[in-house]
Amino acid sequence: MGEIGGSGWLVLFIAGLWLAIAAAVLVIAARRIREARSVIAAARSMASLLEVSPARPLIARPDGTVEMDSRLVRELGLKGPVRTWSDLGGEQFGFDLAALDEIQQAVRSASLSGGGVELQAKVAGSDRVLEIRGAPAPAPEPAGTMLLWLSDTSTAEAERSKLDLRIHQTESALDSLTHLIEAAPFPMWYRGPDLRLGLVNRAFVEAVEAKDAGDVIARSIELIDAPGSDSARASAQAAIESGKFHYRMQPATIRGERRMMRIVNVPLPTGAVAGFAIDVQDLEDARAELARHVQSQRDLADRMTAGTVQFDGDRNVSFFNQPFAVMAQLDPEWLAESPEFDRVLERMRERNRVPEVRDFPVWKAERREWFTSPQEVIEEDWILPDGDHLRIVAQPLPDGGLRMFFEDRTEQVRLASARDTLLRVRAATFDNLFEAISVFASDGRLYLWNKRFQDVWDLEEERLTEHPRVDELVPAMARKLVNPTAAAQIREMVRHTTNERQPASGHISLTDGRHFEFAAVPLPDGNALFTMVDVTDSTRIQEALRERATALEQADRVKTDFVANVSYELRTPLTSIGGFAEMLAGGYAGKLAPAAADYVSAILEAVDRLSKLIDDVLALTQGDVSGIALEKERVDLGGLCRMAVETVQVRAKEKEQKLEVDVAPTTGFVFGDVRRLRESIEHVLNNAIAYTDRKGRVRLEATGDEANAVIRVVDNGIGISKQDLPRVFERFDRINETGVRGEAALGLGLPLTRQFLEAHGGAVELDSRKGKGTTVTLTIPRGSR
């Protein structure tokens with residue numbers, strides 16, 4: 001080390017210095033390499049970005065030369081190299097000349113002023129539009145050089161045009177909507193996020209009776225002013241929270257009138273709320289009226305004789321009336337559960353209320369098609385297994401449902417069958433009747449006739465089938481009549497009956513010696529029935545009967561006269577017998593032995609009874625001829641009844657009968673002949689005692705009202721058979737019964753009673769059953785003096 005000299009150390013120093021310098025250079029070189037690589041990468045990245053950029057560069061220098069991207073050359077459709085502005089324009093490529101001139105002017109102005117370029121230019125031969133934006137180019141380009149960026153905005157421009165158009169349309173629609181909202185006939189409003197009113201329409205202002213919309217907003221006047229959850233803000237808040245339309249029904253005072261409103265709040269994306277209110281008062285009234293109408297229709301349907309059932313769109317029962325439940329024999333509670341159409345038919349089939357068919361599923365499917373049938377009305381007749389006939393009317397409904405009506409025509413079918421039978425029977429009966437029958441219509445034409453009518457007038461069948469008028473039949477009738485003018489009488493009678501609806505009758509004689517009674521009777525249908533009965537034999541019989549009646553009347557008159565004369569003739573000896581008997585009883589011939597006195601008493605009793613019978617016979621015969629003379633006076637009927645009972649009490653005791661009396665206070669008084677009335681009551685009582693067995697019961701009941709007094713005598717005697725009842729009031733006729741004697745046996749009591757009562761204007765009624773007893777009712781008018 002010591003051997004090295006100063007020059008050596010200098011060499012070493014220089015070598016170390018160069019080594020340090022080399023190391024520094026290497027470090028710098030490495031850094032520069034890294035920077036170069038970074039720049040190259042950035043350049044490549046920028047080139048990639050430039051390649052994919054929608055804008056293409058163009059450099060315009062002050063000397064008029066241009067430099068542009070190759071891709072831009074292709075997009076502009078240029079051919080060959082581009083060096084100057086003139087290379088950028090043409091009719092089929094590049095920019096059109098007007099656009100190119102505008103670009104040059106803009107670039108020139110910008111290069112002088114140092115400003116930017118912003119314009120649009122149209123590509124020649126196409127609808128493409130390029131947007132040009134530029135600024136002075138950066139160094140190292142010389143001053144005045146402009147860097148332009150060209151981007152194709154054709155699509156964007158079209159979208160912008162569409163957007164402009166849409167914005168314009170939206171503005172127009174918004175303006176129209178604003179006018180529409182303002183002109184809306186119902187209140188509308190807008191609330192901000194704070195739920196305060198921000199906009200109202202004119203209908204809102206009028207509804208709350210404010211000055212204008214500003215007044216409503218300034219005073220926060222609500223359409224619905226209700227507290228708590230029913231307030232307008234609460235409804236708007238509910239719409240915001242739910243994010244859906246919020247509906248509610250609430251009454252409001254609109255122009256001083258209480259109305260039902262439907263409030264709708266609509267949440268908006270901005271947190272605001274729009275709303276409107278519709279007056280549904282009329283709708284509610286109509287709904288209520290409809291509900292009442294539907295209820296009344298259902299009530300009416302329940303009162304109808306026809307059954308009604310309705311199915312909804314799901315084919316379930318939605319309504320039925322009681323007659324349907326009865327006809328279908330279905331439980332109303334089961335029907336109220338809304339069963340399906342098929343189940344209803346199946347249940348009806350179980351109860352034999354549908355026709356018997358070979359394939360029930362197919363039959364049911366065919367009826368199911370009624371829901372979608374294009375026919376408005378479907379009619380069908382069902383003949384049920386039990387013989388009932390149902391007429392079915394089905395009506396498809398617009399909502400997909402079906403309405404069905406069930407009419408029980410069983411009776412109608414039976415009546416129609418009976419009517420057809422009756423018509424056949426009538427036709428057969430008409431032709432076999434003894435009477436000649438014809439029916440004339442209201443216009444006088446012959447409508448119906450029988451064989452007898454045709455034979456009587458000797459008319460041809462062909463002529464009758466033409467239904468001639470009665471005028472046309474008159475000549476044929478006149479030829480058969482003894483008095484031809486009677487045919488005109490028949491014609492007028494038919495006219496009178498058909499027009500004035502009054503019956504008529506008459507008698508005609510035919511030239512063959514037959515006699516007919518004819519009659520015309522109006523029929524309910526406006527026609528007239530003309531009948532002719534052959535009375536030839538009956539006429540002869542009537543004449544014979546008339547002669548016999550005359551003879552009987554004469555014989556009866558002779559009998560009556562004989563009875564009256566005999567009665568008068570009997571009075572003289574009877575009076576003598578009674579007189580002498582009274583003298584004997586009085587001791588004029590000396591005192592009589594006890595046995596003789598009994599005999600005289602028996603004579604006097606027999607004279608009294610015979611005298612009474614003669615008086616009754618005379619009264620009965622004279623009353624028939626000249627009537628009964630009454631001596632009217634005020635008669636106490638109650639006392640009279642008691643007196644009559646005392647009179648017959650002896651006879652009742654003889655037969656050990658129980659004689660009862662019940663005189664009501666309402667019996668009162670009458671004005672009449674006291675003797676005749678007492679005799680009438682006694683006659684009835686005597687008859688009751690006579691026709692009642694031993695130990696029987698006879699009861700007299702007396703009552704009355706303002707107009708009449710009623711006396712009823714009831715016994716439990718042998719009674720009178722039904723065939724003998726018509727004879728009980730005939731004179732001198734009696735019912736033969738063992739043990740019956742006295743006037744009852746002679747048949748005088750009841751005829752005299754009826755004669756006396758009818759003379760007073762009253763009546764006698766008798767009700768009796770064989771073996772059950774008899775009730776005789778005397779009705780006596782109160783009368784007047």
# chains A, B, ... in the order shown; residues from 1 in each chain; ligands from 1
call {"tool": "select_by_dssp", "arguments": {"residues": "region 86-210 of chain A", "states": "strand (DSSP E)", "output": "list in words"}}
result
Val117, Glu118, Leu119, Gln120, Ala121, Lys122, Val129, Leu130, Glu131, Ile132, Arg133, Gly134, Ala135, Pro136, Met146, Leu147, Leu148, Trp149, Leu150, Ser151, Asp152, Met188, Trp189, Tyr190, Arg191, Leu197, Gly198, Leu199 and Val200 of chain A
call {"tool": "write_last_selection", "arguments": {"atoms": "N, CA, C and O atoms", "output": "compact mmCIF listing (two decimals), in the first residue's frame"}}
result
# COMPACT_ATOMS: atom_id res chain seq x y z
N VAL A 117 -65.09 26.70 -30.37
CA VAL A 117 -66.00 26.46 -31.49
C VAL A 117 -67.08 25.47 -30.99
O VAL A 117 -66.75 24.46 -30.36
N GLU A 118 -68.33 25.81 -31.28
CA GLU A 118 -69.44 24.92 -30.91
C GLU A 118 -70.55 25.09 -31.92
O GLU A 118 -71.22 26.12 -31.96
N LEU A 119 -70.75 24.06 -32.76
CA LEU A 119 -71.81 24.12 -33.79
C LEU A 119 -72.12 22.72 -34.25
O LEU A 119 -71.46 21.75 -33.86
N GLN A 120 -73.15 22.64 -35.10
CA GLN A 120 -73.56 21.37 -35.68
C GLN A 120 -73.52 21.48 -37.18
O GLN A 120 -73.87 22.54 -37.74
N ALA A 121 -73.14 20.39 -37.83
CA ALA A 121 -73.03 20.37 -39.29
C ALA A 121 -73.62 19.08 -39.81
O ALA A 121 -73.46 18.02 -39.19
N LYS A 122 -74.27 19.18 -40.94
CA LYS A 122 -74.92 18.03 -41.55
C LYS A 122 -74.00 17.38 -42.55
O LYS A 122 -73.36 18.05 -43.35
N VAL A 129 -75.97 14.10 -38.43
CA VAL A 129 -75.58 15.42 -37.94
C VAL A 129 -74.40 15.24 -37.00
O VAL A 129 -74.43 14.38 -36.11
N LEU A 130 -73.34 16.01 -37.24
CA LEU A 130 -72.15 15.96 -36.39
C LEU A 130 -72.10 17.21 -35.53
O LEU A 130 -72.30 18.32 -36.02
N GLU A 131 -71.80 16.99 -34.26
CA GLU A 131 -71.61 18.12 -33.37
C GLU A 131 -70.11 18.43 -33.30
O GLU A 131 -69.29 17.53 -33.06
N ILE A 132 -69.72 19.70 -33.54
CA ILE A 132 -68.31 20.11 -33.59
C ILE A 132 -68.05 21.02 -32.40
O ILE A 132 -68.71 22.04 -32.24
N ARG A 133 -67.09 20.59 -31.60
CA ARG A 133 -66.64 21.39 -30.47
C ARG A 133 -65.11 21.53 -30.59
O ARG A 133 -64.42 20.55 -30.85
N GLY A 134 -64.58 22.74 -30.38
CA GLY A 134 -63.14 22.93 -30.52
C GLY A 134 -62.59 24.06 -29.67
O GLY A 134 -63.34 24.88 -29.14
N ALA A 135 -61.22 24.03 -29.58
CA ALA A 135 -60.48 25.04 -28.81
C ALA A 135 -59.07 25.14 -29.40
O ALA A 135 -58.65 24.27 -30.18
N PRO A 136 -58.32 26.15 -29.05
CA PRO A 136 -56.93 26.25 -29.56
C PRO A 136 -56.14 25.00 -29.20
O PRO A 136 -56.27 24.47 -28.09
N MET A 146 -56.23 25.09 -34.31
CA MET A 146 -57.46 24.72 -33.56
C MET A 146 -57.60 23.20 -33.54
O MET A 146 -57.41 22.54 -34.58
N LEU A 147 -57.91 22.67 -32.35
CA LEU A 147 -58.19 21.24 -32.19
C LEU A 147 -59.72 21.08 -32.11
O LEU A 147 -60.35 21.56 -31.16
N LEU A 148 -60.27 20.40 -33.11
CA LEU A 148 -61.73 20.19 -33.18
C LEU A 148 -62.08 18.74 -32.87
O LEU A 148 -61.37 17.82 -33.30
N TRP A 149 -63.16 18.57 -32.10
CA TRP A 149 -63.68 17.23 -31.82
C TRP A 149 -65.06 17.10 -32.48
O TRP A 149 -65.94 17.91 -32.25
N LEU A 150 -65.19 16.08 -33.33
CA LEU A 150 -66.44 15.85 -34.07
C LEU A 150 -67.10 14.56 -33.55
O LEU A 150 -66.44 13.50 -33.51
N SER A 151 -68.35 14.70 -33.12
CA SER A 151 -69.10 13.53 -32.62
C SER A 151 -70.43 13.43 -33.34
O SER A 151 -71.08 14.45 -33.63
N ASP A 152 -70.82 12.18 -33.64
CA ASP A 152 -72.08 11.93 -34.35
C ASP A 152 -73.25 12.03 -33.34
O ASP A 152 -73.38 11.21 -32.44
N MET A 188 -111.16 19.10 -5.98
CA MET A 188 -109.86 18.45 -6.11
C MET A 188 -108.82 19.32 -5.41
O MET A 188 -108.97 20.55 -5.34
N TRP A 189 -107.78 18.68 -4.90
CA TRP A 189 -106.76 19.42 -4.16
C TRP A 189 -105.42 18.72 -4.25
O TRP A 189 -105.31 17.58 -4.66
N TYR A 190 -104.39 19.49 -3.82
CA TYR A 190 -103.01 18.98 -3.78
C TYR A 190 -102.42 19.40 -2.45
O TYR A 190 -102.54 20.55 -2.01
N ARG A 191 -101.77 18.41 -1.78
CA ARG A 191 -101.12 18.68 -0.51
C ARG A 191 -99.62 18.42 -0.65
O ARG A 191 -99.20 17.43 -1.25
N LEU A 197 -102.56 22.25 2.37
CA LEU A 197 -103.11 22.47 1.03
C LEU A 197 -102.20 23.39 0.24
O LEU A 197 -101.78 24.45 0.72
N GLY A 198 -101.90 22.94 -1.00
CA GLY A 198 -101.07 23.77 -1.87
C GLY A 198 -101.79 24.16 -3.14
O GLY A 198 -101.37 25.11 -3.82
N LEU A 199 -102.85 23.46 -3.48
CA LEU A 199 -103.59 23.75 -4.71
C LEU A 199 -105.01 23.22 -4.54
O LEU A 199 -105.20 22.09 -4.08
N VAL A 200 -105.99 24.00 -4.93
CA VAL A 200 -107.39 23.57 -4.93
C VAL A 200 -108.04 24.08 -6.21
O VAL A 200 -107.60 25.08 -6.78
call {"tool": "residues_around", "arguments": {"residues": "Leu473 (chain A)", "least_positions_apart": "5", "cutoff": "10 Å", "atoms": "only C-alpha atoms", "output": "MDAnalysis selection string"}}
result
chainID A and resid 445:446 457 459 463:464 468 478 487:488 491
call {"tool": "write_last_selection", "arguments": {"atoms": "all heavy atoms", "output": "tab-separated table (two decimals), in the first residue's frame"}}
result
chain	number	residue	atom	x	y	z
A	445	ARG	N	-174.46	-14.38	-36.03
A	445	ARG	CA	-174.18	-15.59	-36.79
A	445	ARG	C	-174.38	-16.84	-35.93
A	445	ARG	O	-174.10	-16.82	-34.72
A	445	ARG	CB	-172.76	-15.57	-37.35
A	445	ARG	CG	-172.57	-14.55	-38.46
A	445	ARG	CD	-171.21	-14.69	-39.12
A	445	ARG	NE	-171.07	-13.78	-40.23
A	445	ARG	CZ	-171.50	-14.02	-41.47
A	445	ARG	NH1	-172.12	-15.17	-41.73
A	445	ARG	NH2	-171.35	-13.14	-42.42
A	446	LEU	N	-174.81	-17.90	-36.58
A	446	LEU	CA	-174.98	-19.18	-35.90
A	446	LEU	C	-173.60	-19.76	-35.61
A	446	LEU	O	-172.81	-20.01	-36.53
A	446	LEU	CB	-175.80	-20.14	-36.77
A	446	LEU	CG	-176.09	-21.52	-36.15
A	446	LEU	CD1	-176.94	-21.38	-34.90
A	446	LEU	CD2	-176.78	-22.42	-37.17
A	457	TRP	N	-185.94	-27.53	-37.64
A	457	TRP	CA	-186.15	-26.52	-38.69
A	457	TRP	C	-185.89	-27.07	-40.09
A	457	TRP	O	-185.97	-26.32	-41.06
A	457	TRP	CB	-185.25	-25.32	-38.45
A	457	TRP	CG	-185.55	-24.62	-37.15
A	457	TRP	CD1	-184.78	-24.58	-36.05
A	457	TRP	CD2	-186.74	-23.90	-36.83
A	457	TRP	NE1	-185.39	-23.86	-35.06
A	457	TRP	CE2	-186.61	-23.42	-35.53
A	457	TRP	CE3	-187.92	-23.60	-37.54
A	457	TRP	CZ2	-187.59	-22.68	-34.90
A	457	TRP	CZ3	-188.90	-22.86	-36.90
A	457	TRP	CH2	-188.74	-22.40	-35.59
A	459	LEU	N	-183.10	-28.05	-41.66
A	459	LEU	CA	-182.02	-27.30	-42.30
A	459	LEU	C	-180.93	-28.27	-42.75
A	459	LEU	O	-180.69	-29.30	-42.12
A	459	LEU	CB	-181.43	-26.27	-41.33
A	459	LEU	CG	-182.40	-25.19	-40.84
A	459	LEU	CD1	-181.77	-24.36	-39.74
A	459	LEU	CD2	-182.85	-24.30	-41.99
A	463	ARG	N	-175.46	-25.90	-45.16
A	463	ARG	CA	-175.85	-24.50	-44.96
A	463	ARG	C	-175.47	-24.04	-43.55
A	463	ARG	O	-175.02	-22.91	-43.35
A	463	ARG	CB	-177.34	-24.33	-45.19
A	463	ARG	CG	-177.79	-22.87	-45.10
A	463	ARG	CD	-179.26	-22.73	-45.39
A	463	ARG	NE	-179.68	-21.33	-45.34
A	463	ARG	CZ	-180.93	-20.92	-45.46
A	463	ARG	NH1	-181.90	-21.82	-45.64
A	463	ARG	NH2	-181.23	-19.64	-45.40
A	464	LEU	N	-175.65	-24.92	-42.56
A	464	LEU	CA	-175.32	-24.54	-41.19
A	464	LEU	C	-173.82	-24.37	-40.99
A	464	LEU	O	-173.39	-23.52	-40.20
A	464	LEU	CB	-175.86	-25.59	-40.21
A	464	LEU	CG	-177.39	-25.73	-40.14
A	464	LEU	CD1	-177.78	-26.84	-39.18
A	464	LEU	CD2	-178.04	-24.41	-39.73
A	468	PRO	N	-174.59	-19.16	-40.97
A	468	PRO	CA	-175.43	-18.07	-41.47
A	468	PRO	C	-175.89	-17.16	-40.33
A	468	PRO	O	-175.93	-17.56	-39.16
A	468	PRO	CB	-176.61	-18.81	-42.10
A	468	PRO	CG	-176.68	-20.09	-41.33
A	468	PRO	CD	-175.27	-20.48	-41.01
A	478	ALA	N	-189.84	-19.55	-40.88
A	478	ALA	CA	-191.22	-19.11	-41.12
A	478	ALA	C	-192.03	-20.20	-41.81
A	478	ALA	O	-193.24	-20.34	-41.56
A	478	ALA	CB	-191.21	-17.84	-41.96
A	487	ALA	N	-191.26	-16.01	-36.61
A	487	ALA	CA	-189.85	-16.14	-36.96
A	487	ALA	C	-189.12	-14.81	-36.74
A	487	ALA	O	-187.97	-14.76	-36.27
A	487	ALA	CB	-189.69	-16.62	-38.39
A	488	ALA	N	-189.78	-13.70	-37.09
A	488	ALA	CA	-189.19	-12.38	-36.85
A	488	ALA	C	-189.03	-12.14	-35.35
A	488	ALA	O	-188.08	-11.49	-34.90
A	488	ALA	CB	-190.05	-11.31	-37.49
A	491	ARG	N	-185.86	-13.73	-34.29
A	491	ARG	CA	-184.72	-12.92	-34.71
A	491	ARG	C	-184.50	-11.75	-33.76
A	491	ARG	O	-183.38	-11.49	-33.30
A	491	ARG	CB	-184.94	-12.41	-36.14
A	491	ARG	CG	-183.84	-11.50	-36.65
A	491	ARG	CD	-184.26	-10.88	-37.96
A	491	ARG	NE	-185.48	-10.09	-37.78
A	491	ARG	CZ	-186.29	-9.71	-38.77
A	491	ARG	NH1	-186.02	-10.07	-40.02
A	491	ARG	NH2	-187.37	-9.01	-38.51
call {"tool": "atom_distance", "arguments": {"atom1": "CA of Leu481 (chain A)", "atom2": "CA of Thr511 (chain A)"}}
result
5.5 Å
call {"tool": "atom_distance", "arguments": {"atom1": "CA of Arg694 (chain A)", "atom2": "CA of Glu656 (chain A)"}}
result
5.8 Å
call {"tool": "select_by_dssp", "arguments": {"residues": "region 369-501 of chain A", "states": "helix (DSSP H, G or I)", "output": "PyMOL selection string"}}
result
chain A and resi 369-372+410-432+451-457+461-465+470-480+486-500
call {"tool": "atom_distance", "arguments": {"atom1": "CA of Val123 (chain A)", "atom2": "CA of Asp87 (chain A)"}}
result
13.7 Å
call {"tool": "residues_around", "arguments": {"residues": "Phe405 (chain A)", "least_positions_apart": "2", "cutoff": "9 Å", "atoms": "only C-alpha atoms", "output": "list in words"}}
result
Ala306, Gly307, Thr308, Val309, Gln310, Phe324, Arg391, Ile392, Val393, Ala394, Gln395, Arg403 and Glu407 of chain A
call {"tool": "residues_around", "arguments": {"residues": "region 765-770 of chain A", "least_positions_apart": "6", "cutoff": "7 Å", "atoms": "only C-alpha atoms", "output": "PyMOL selection string"}}
result
chain A and resi 718-721+776-778
call {"tool": "residues_around", "arguments": {"residues": "Thr666 (chain A)", "least_positions_apart": "2", "cutoff": "6 Å", "atoms": "only C-alpha atoms", "output": "count of residues only"}}
result
4
call {"tool": "decode", "arguments": {"residues": "region 406-416 of chain A", "atoms": "all heavy atoms", "output": "mmCIF file, in the first residue's frame"}}
result
data_model
loop_
_atom_site.group_PDB
_atom_site.id
_atom_site.type_symbol
_atom_site.label_atom_id
_atom_site.label_comp_id
_atom_site.auth_asym_id
_atom_site.auth_seq_id
_atom_site.Cartn_x
_atom_site.Cartn_y
_atom_site.Cartn_z
ATOM 1 N N PHE A 406 -140.422 -21.066 -12.192
ATOM 2 C CA PHE A 406 -141.123 -22.353 -12.138
ATOM 3 C C PHE A 406 -142.615 -22.077 -11.967
ATOM 4 O O PHE A 406 -143.012 -21.420 -11.001
ATOM 5 C CB PHE A 406 -140.623 -23.193 -10.962
ATOM 6 C CG PHE A 406 -139.245 -23.747 -11.150
ATOM 7 C CD1 PHE A 406 -138.145 -22.922 -11.104
ATOM 8 C CD2 PHE A 406 -139.050 -25.096 -11.377
ATOM 9 C CE1 PHE A 406 -136.867 -23.424 -11.270
ATOM 10 C CE2 PHE A 406 -137.779 -25.608 -11.541
ATOM 11 C CZ PHE A 406 -136.680 -24.777 -11.498
ATOM 12 N N GLU A 407 -143.399 -22.550 -12.909
ATOM 13 C CA GLU A 407 -144.855 -22.378 -12.847
ATOM 14 C C GLU A 407 -145.511 -23.750 -12.791
ATOM 15 O O GLU A 407 -145.297 -24.582 -13.678
ATOM 16 C CB GLU A 407 -145.352 -21.605 -14.065
ATOM 17 C CG GLU A 407 -146.864 -21.378 -14.041
ATOM 18 C CD GLU A 407 -147.368 -20.707 -15.315
ATOM 19 O OE1 GLU A 407 -146.551 -20.452 -16.213
ATOM 20 O OE2 GLU A 407 -148.575 -20.463 -15.397
ATOM 21 N N ASP A 408 -146.258 -23.973 -11.733
ATOM 22 C CA ASP A 408 -146.961 -25.251 -11.585
ATOM 23 C C ASP A 408 -148.217 -25.223 -12.450
ATOM 24 O O ASP A 408 -149.186 -24.529 -12.151
ATOM 25 C CB ASP A 408 -147.333 -25.464 -10.120
ATOM 26 C CG ASP A 408 -147.847 -26.884 -9.880
ATOM 27 O OD1 ASP A 408 -148.139 -27.579 -10.869
ATOM 28 O OD2 ASP A 408 -147.935 -27.290 -8.708
ATOM 29 N N ARG A 409 -148.171 -25.965 -13.540
ATOM 30 C CA ARG A 409 -149.283 -25.993 -14.487
ATOM 31 C C ARG A 409 -150.075 -27.299 -14.383
ATOM 32 O O ARG A 409 -150.805 -27.647 -15.300
ATOM 33 C CB ARG A 409 -148.751 -25.817 -15.911
ATOM 34 C CG ARG A 409 -147.927 -24.556 -16.116
ATOM 35 C CD ARG A 409 -147.626 -24.311 -17.551
ATOM 36 N NE ARG A 409 -148.828 -24.032 -18.319
ATOM 37 C CZ ARG A 409 -148.845 -23.834 -19.638
ATOM 38 N NH1 ARG A 409 -147.731 -23.908 -20.331
ATOM 39 N NH2 ARG A 409 -149.974 -23.598 -20.263
ATOM 40 N N THR A 410 -149.898 -27.974 -13.261
ATOM 41 C CA THR A 410 -150.589 -29.259 -13.101
ATOM 42 C C THR A 410 -152.090 -29.074 -13.226
ATOM 43 O O THR A 410 -152.768 -29.785 -13.990
ATOM 44 C CB THR A 410 -150.237 -29.875 -11.738
ATOM 45 O OG1 THR A 410 -148.807 -29.959 -11.629
ATOM 46 C CG2 THR A 410 -150.856 -31.239 -11.601
ATOM 47 N N GLU A 411 -152.609 -28.096 -12.461
ATOM 48 C CA GLU A 411 -154.053 -27.870 -12.507
ATOM 49 C C GLU A 411 -154.490 -27.399 -13.883
ATOM 50 O O GLU A 411 -155.553 -27.773 -14.373
ATOM 51 C CB GLU A 411 -154.447 -26.842 -11.441
ATOM 52 C CG GLU A 411 -154.326 -27.352 -10.009
ATOM 53 C CD GLU A 411 -155.206 -28.571 -9.761
ATOM 54 O OE1 GLU A 411 -156.300 -28.627 -10.347
ATOM 55 O OE2 GLU A 411 -154.791 -29.469 -9.007
ATOM 56 N N GLN A 412 -153.665 -26.544 -14.527
ATOM 57 C CA GLN A 412 -154.023 -26.061 -15.860
ATOM 58 C C GLN A 412 -154.092 -27.210 -16.855
ATOM 59 O O GLN A 412 -155.012 -27.280 -17.683
ATOM 60 C CB GLN A 412 -153.008 -25.020 -16.325
ATOM 61 C CG GLN A 412 -152.973 -23.768 -15.460
ATOM 62 C CD GLN A 412 -151.966 -22.758 -15.972
ATOM 63 O OE1 GLN A 412 -151.511 -22.842 -17.096
ATOM 64 N NE2 GLN A 412 -151.619 -21.806 -15.122
ATOM 65 N N VAL A 413 -153.092 -28.111 -16.774
ATOM 66 C CA VAL A 413 -153.095 -29.253 -17.696
ATOM 67 C C VAL A 413 -154.302 -30.137 -17.433
ATOM 68 O O VAL A 413 -154.971 -30.603 -18.359
ATOM 69 C CB VAL A 413 -151.785 -30.039 -17.549
ATOM 70 C CG1 VAL A 413 -151.846 -31.335 -18.335
ATOM 71 C CG2 VAL A 413 -150.609 -29.199 -18.015
ATOM 72 N N ARG A 414 -154.558 -30.348 -16.139
ATOM 73 C CA ARG A 414 -155.729 -31.170 -15.816
ATOM 74 C C ARG A 414 -157.012 -30.493 -16.257
ATOM 75 O O ARG A 414 -157.928 -31.154 -16.778
ATOM 76 C CB ARG A 414 -155.750 -31.436 -14.318
ATOM 77 C CG ARG A 414 -154.618 -32.340 -13.852
ATOM 78 C CD ARG A 414 -154.591 -32.470 -12.337
ATOM 79 N NE ARG A 414 -153.481 -33.332 -11.908
ATOM 80 C CZ ARG A 414 -153.119 -33.489 -10.638
ATOM 81 N NH1 ARG A 414 -153.793 -32.859 -9.678
ATOM 82 N NH2 ARG A 414 -152.103 -34.286 -10.331
ATOM 83 N N LEU A 415 -157.062 -29.165 -16.048
ATOM 84 C CA LEU A 415 -158.256 -28.444 -16.496
ATOM 85 C C LEU A 415 -158.383 -28.469 -18.011
ATOM 86 O O LEU A 415 -159.491 -28.585 -18.546
ATOM 87 C CB LEU A 415 -158.202 -27.001 -15.988
ATOM 88 C CG LEU A 415 -158.418 -26.806 -14.478
ATOM 89 C CD1 LEU A 415 -158.194 -25.355 -14.104
ATOM 90 C CD2 LEU A 415 -159.822 -27.248 -14.077
ATOM 91 N N ALA A 416 -157.221 -28.338 -18.708
ATOM 92 C CA ALA A 416 -157.271 -28.394 -20.169
ATOM 93 C C ALA A 416 -157.760 -29.757 -20.638
ATOM 94 O O ALA A 416 -158.572 -29.870 -21.559
ATOM 95 C CB ALA A 416 -155.891 -28.090 -20.758
#
